[in-house]
Amino acid sequence: VTDTVVRDREAAELVLPAVRVLGGPPLDLTVRAGRIAALTPAAGTGRHVVLPGLVDMHTHLREPGGADAETIATGTRAAAAGGFTDVFAMANTDPVCDSAERVRAVQALAAATAVVRVHPVGAITVGLAGRTLAPLAEMAAAGVTVVSDDGHCVADPGIMRSALELAARHGLTVAQHAQDPVLAGAGQVHDGPACRDTGLPPWPSAGEEVIVARDVVLAAHTGVTLHICHLSTAGSVEIVRWAKARGLPVTAEVTPHHLMLTDELAALTDPRFKVNPPLRSADDVAALRAGLIDGTIDAVATDHAPHPAAAKARRWIDAPFGMTGLETALPVVARVLRTGRDEPDWSVVAARMATSPARIGRIAARAGRPVAVGEPATFCVVDPGSPWTVDADQRFSRSGNTPFAGTAFTDRVVATFVDGRIVHGALAPLASRIPGATPR
Ligand SMILES: [Zn+2]
């Protein structure tokens with residue numbers, strides 16, 4: 001950990017001089033009493049870009065039960081460092097978050113220790129076992145807006161249909177981890193030429209696509225919204241594109257690692273590249289990028305999955321699936337969207353990383369809000385011109401299992417605000433605290 005937690009630092013009034021909202025012309029941004037009080041034209045050229053606070057629909061905070069990998073305190077500090085102001089905490093903790101009581105326990109832990117806002121995800125089935133629906137109504141009443149068995153697929157189509165119907169009655173989004181248990185089985189690497197020589201169990205694209213296709217059909221027949229986690233194949237992108245062309249209520253997310261890394265890395269059998277779904281082919285990466293740009297894929301979600309160093313030091317077959325992602329998501333997405341341009345289209349970054357995930361997660365009244373006068377001062381500040389290299393030891397997450405260690409990036413989050421509170425970043429180089437009015 002390279003910084004102390006700054007969750008209680010108050011910014012009664014401050015001005016961020018010459019910042020570019022969504023990459024637009026330079027403005028002085030005034031924060032007062034937790035809100036954006038003014039945006040006024042600034043002289044000269046601006047450097048820093050202001051985006052809505054990022055929203056991660058898919059974070060594994062590991063608490064309760066996995067404090068050797070992450071806690072709500074360390075995971076949300078990592079989130080703040082990555083520009084995230086809101087994270088959805090997946091239910092595959094120990095114990096599983098599958099009742100209102102468990103939801104309230106996570107909320108209480110978050111209230112005591114979180115640096116950014118935590119939205120507990122409820123399990124779809126009791127114990128993530130895929131057999132009996134969890135009490136979705138009571139979890140919704142406790143404040144849950146998204147349910148998911150992530151880590152496991154809801155494989156039984158009858159259970160999935162019932163989950164969609166019940167979720168619709170209680171205003172919940174159902175997020176599916178698409179992995180057919182027969183076709184994907186115990187697969188560990190993409191079933192393609194790059195990994196064939198590893199001898200590791202294959203995880204074919206069809207194992208994902210048959211569930212995506214099946215659930216799109218269920219969404220069509222029930223009329224209920226379906227969200228698909230971490231798309232990883234070109235075929236999945238095509239199915240979602242087909243569904244959207246027909247106006248079906250389907251949304252989808254992609255991870256930063258699936259947008260940038262291929263199965264050539266998995267073929268090295270270094271467990272830091274072991275993730276579920278697996279890294280896939282260059283053609284899949286290209287299709288995911290195209291889907292993200294054209295809006296077929298609504299959102300980027302990190303699937304931040306911290307693991308202790310000892311667990312990832314095992315040989316591939318015994319090491320756990322997962323990569324950290326909160327602290328590197330924005331630079332990866334900015335790089336992907338920068339291709340062939342001087343700067344990424346920051347409005348697309350904001351749409352895929354803030355606005356859309358807030359909408360899908362049903363928290364749009366509070367999160368993913370525009371950077372505009374009168375709105376809560378909940379945003380992040382990006383320096384788009386400071387080359388840096390990821391050092392796995394310089395981090396806020398308790399775990400360092402990042403696939404991007406040693407990778408050079410151009411864009412970096414330098415500050416994050418939640419309701420005017422500075423939850424990440426040193427203010428001094430960025431802003432001047434000015435009592436009363438801005439001098440001009
Ligand atoms: Zn998953």
# chains A, B, ... in the order shown; residues from 1 in each chain; ligands from 1

$ residues_around --residues "A:Pro271" --least-positions-apart "4" --cutoff "9 Å" --atoms "only C-alpha atoms" --output "list in words"
Ala266, Val275, Lys312, Ala313, Arg314, Arg315, Trp316, Ile317, Asp318, Ala319, Pro320, Phe321 and Asn401 of chain A

$ residues_near_ligand --ligand "ligand 1" --cutoff "10 Å" --atoms "only C-alpha atoms and all ligand atoms" --output "list in words"
His58, Thr59, His60, Met90, Asn92, Ser148, Asp149, Asp150, Gly151, His152, Cys153, Ala175, Gln176, His177, Ala178, Gln179, Ile228, Cys229, His230, Leu231, Val275, Asn276, Pro277, Asp303, Ala305, Phe321 and Gly322 of chain A

$ closest_atom_pairs --of "stretch 122-165 of chain A" --to "stretch 206-219 of chain A" --cutoff "12 Å" --atoms "only C-alpha atoms" --output "tab-separated table"
residue	atom	partner	partner_atom	distance
A:Cys153	CA	A:Ile211	CA	8.7
A:Val154	CA	A:Ile211	CA	9.1
A:Ala155	CA	A:Ile211	CA	7.8
A:Asp156	CA	A:Ile211	CA	10.1
A:Pro157	CA	A:Arg214	CA	8.0
A:Gly158	CA	A:Leu218	CA	9.6
A:Ile159	CA	A:Leu218	CA	11.0
A:Met160	CA	A:Asp215	CA	7.9
A:Arg161	CA	A:Leu218	CA	6.3
A:Ser162	CA	A:Leu218	CA	9.9
A:Ala163	CA	A:Leu218	CA	10.6
A:Leu164	CA	A:Ala219	CA	7.6
A:Glu165	CA	A:Ala219	CA	9.4

$ select_by_dssp --residues "stretch 197-374 of chain A" --states "strand (DSSP E or B)" --output "ChimeraX atom specification"
/A:202-203,226-228,250-254,299-300,304,323

$ closest_residue --among "A:Val31, A:Ala286, A:Ala367, A:Val21" --to "A:Gly420" --atoms "only C-alpha atoms"
A:Val31

$ closest_residue --among "A:Met139, A:Ala129, A:Pro25, A:Trp346" --to "A:Arg102" --atoms "only C-alpha atoms"
A:Met139

$ residues_around --residues "A:Val418" --least-positions-apart "3" --cutoff "12 Å" --atoms "only C-alpha atoms" --output "PyMOL selection string"
chain A and resi 6-11+31+33-36+52-55+79-80+83-86+114-117+366-369+375-381+415+421-424

$ atom_distance --atom1 "atom CA of A:Asp197" --atom2 "atom CA of A:Ala282"
17.8 Å
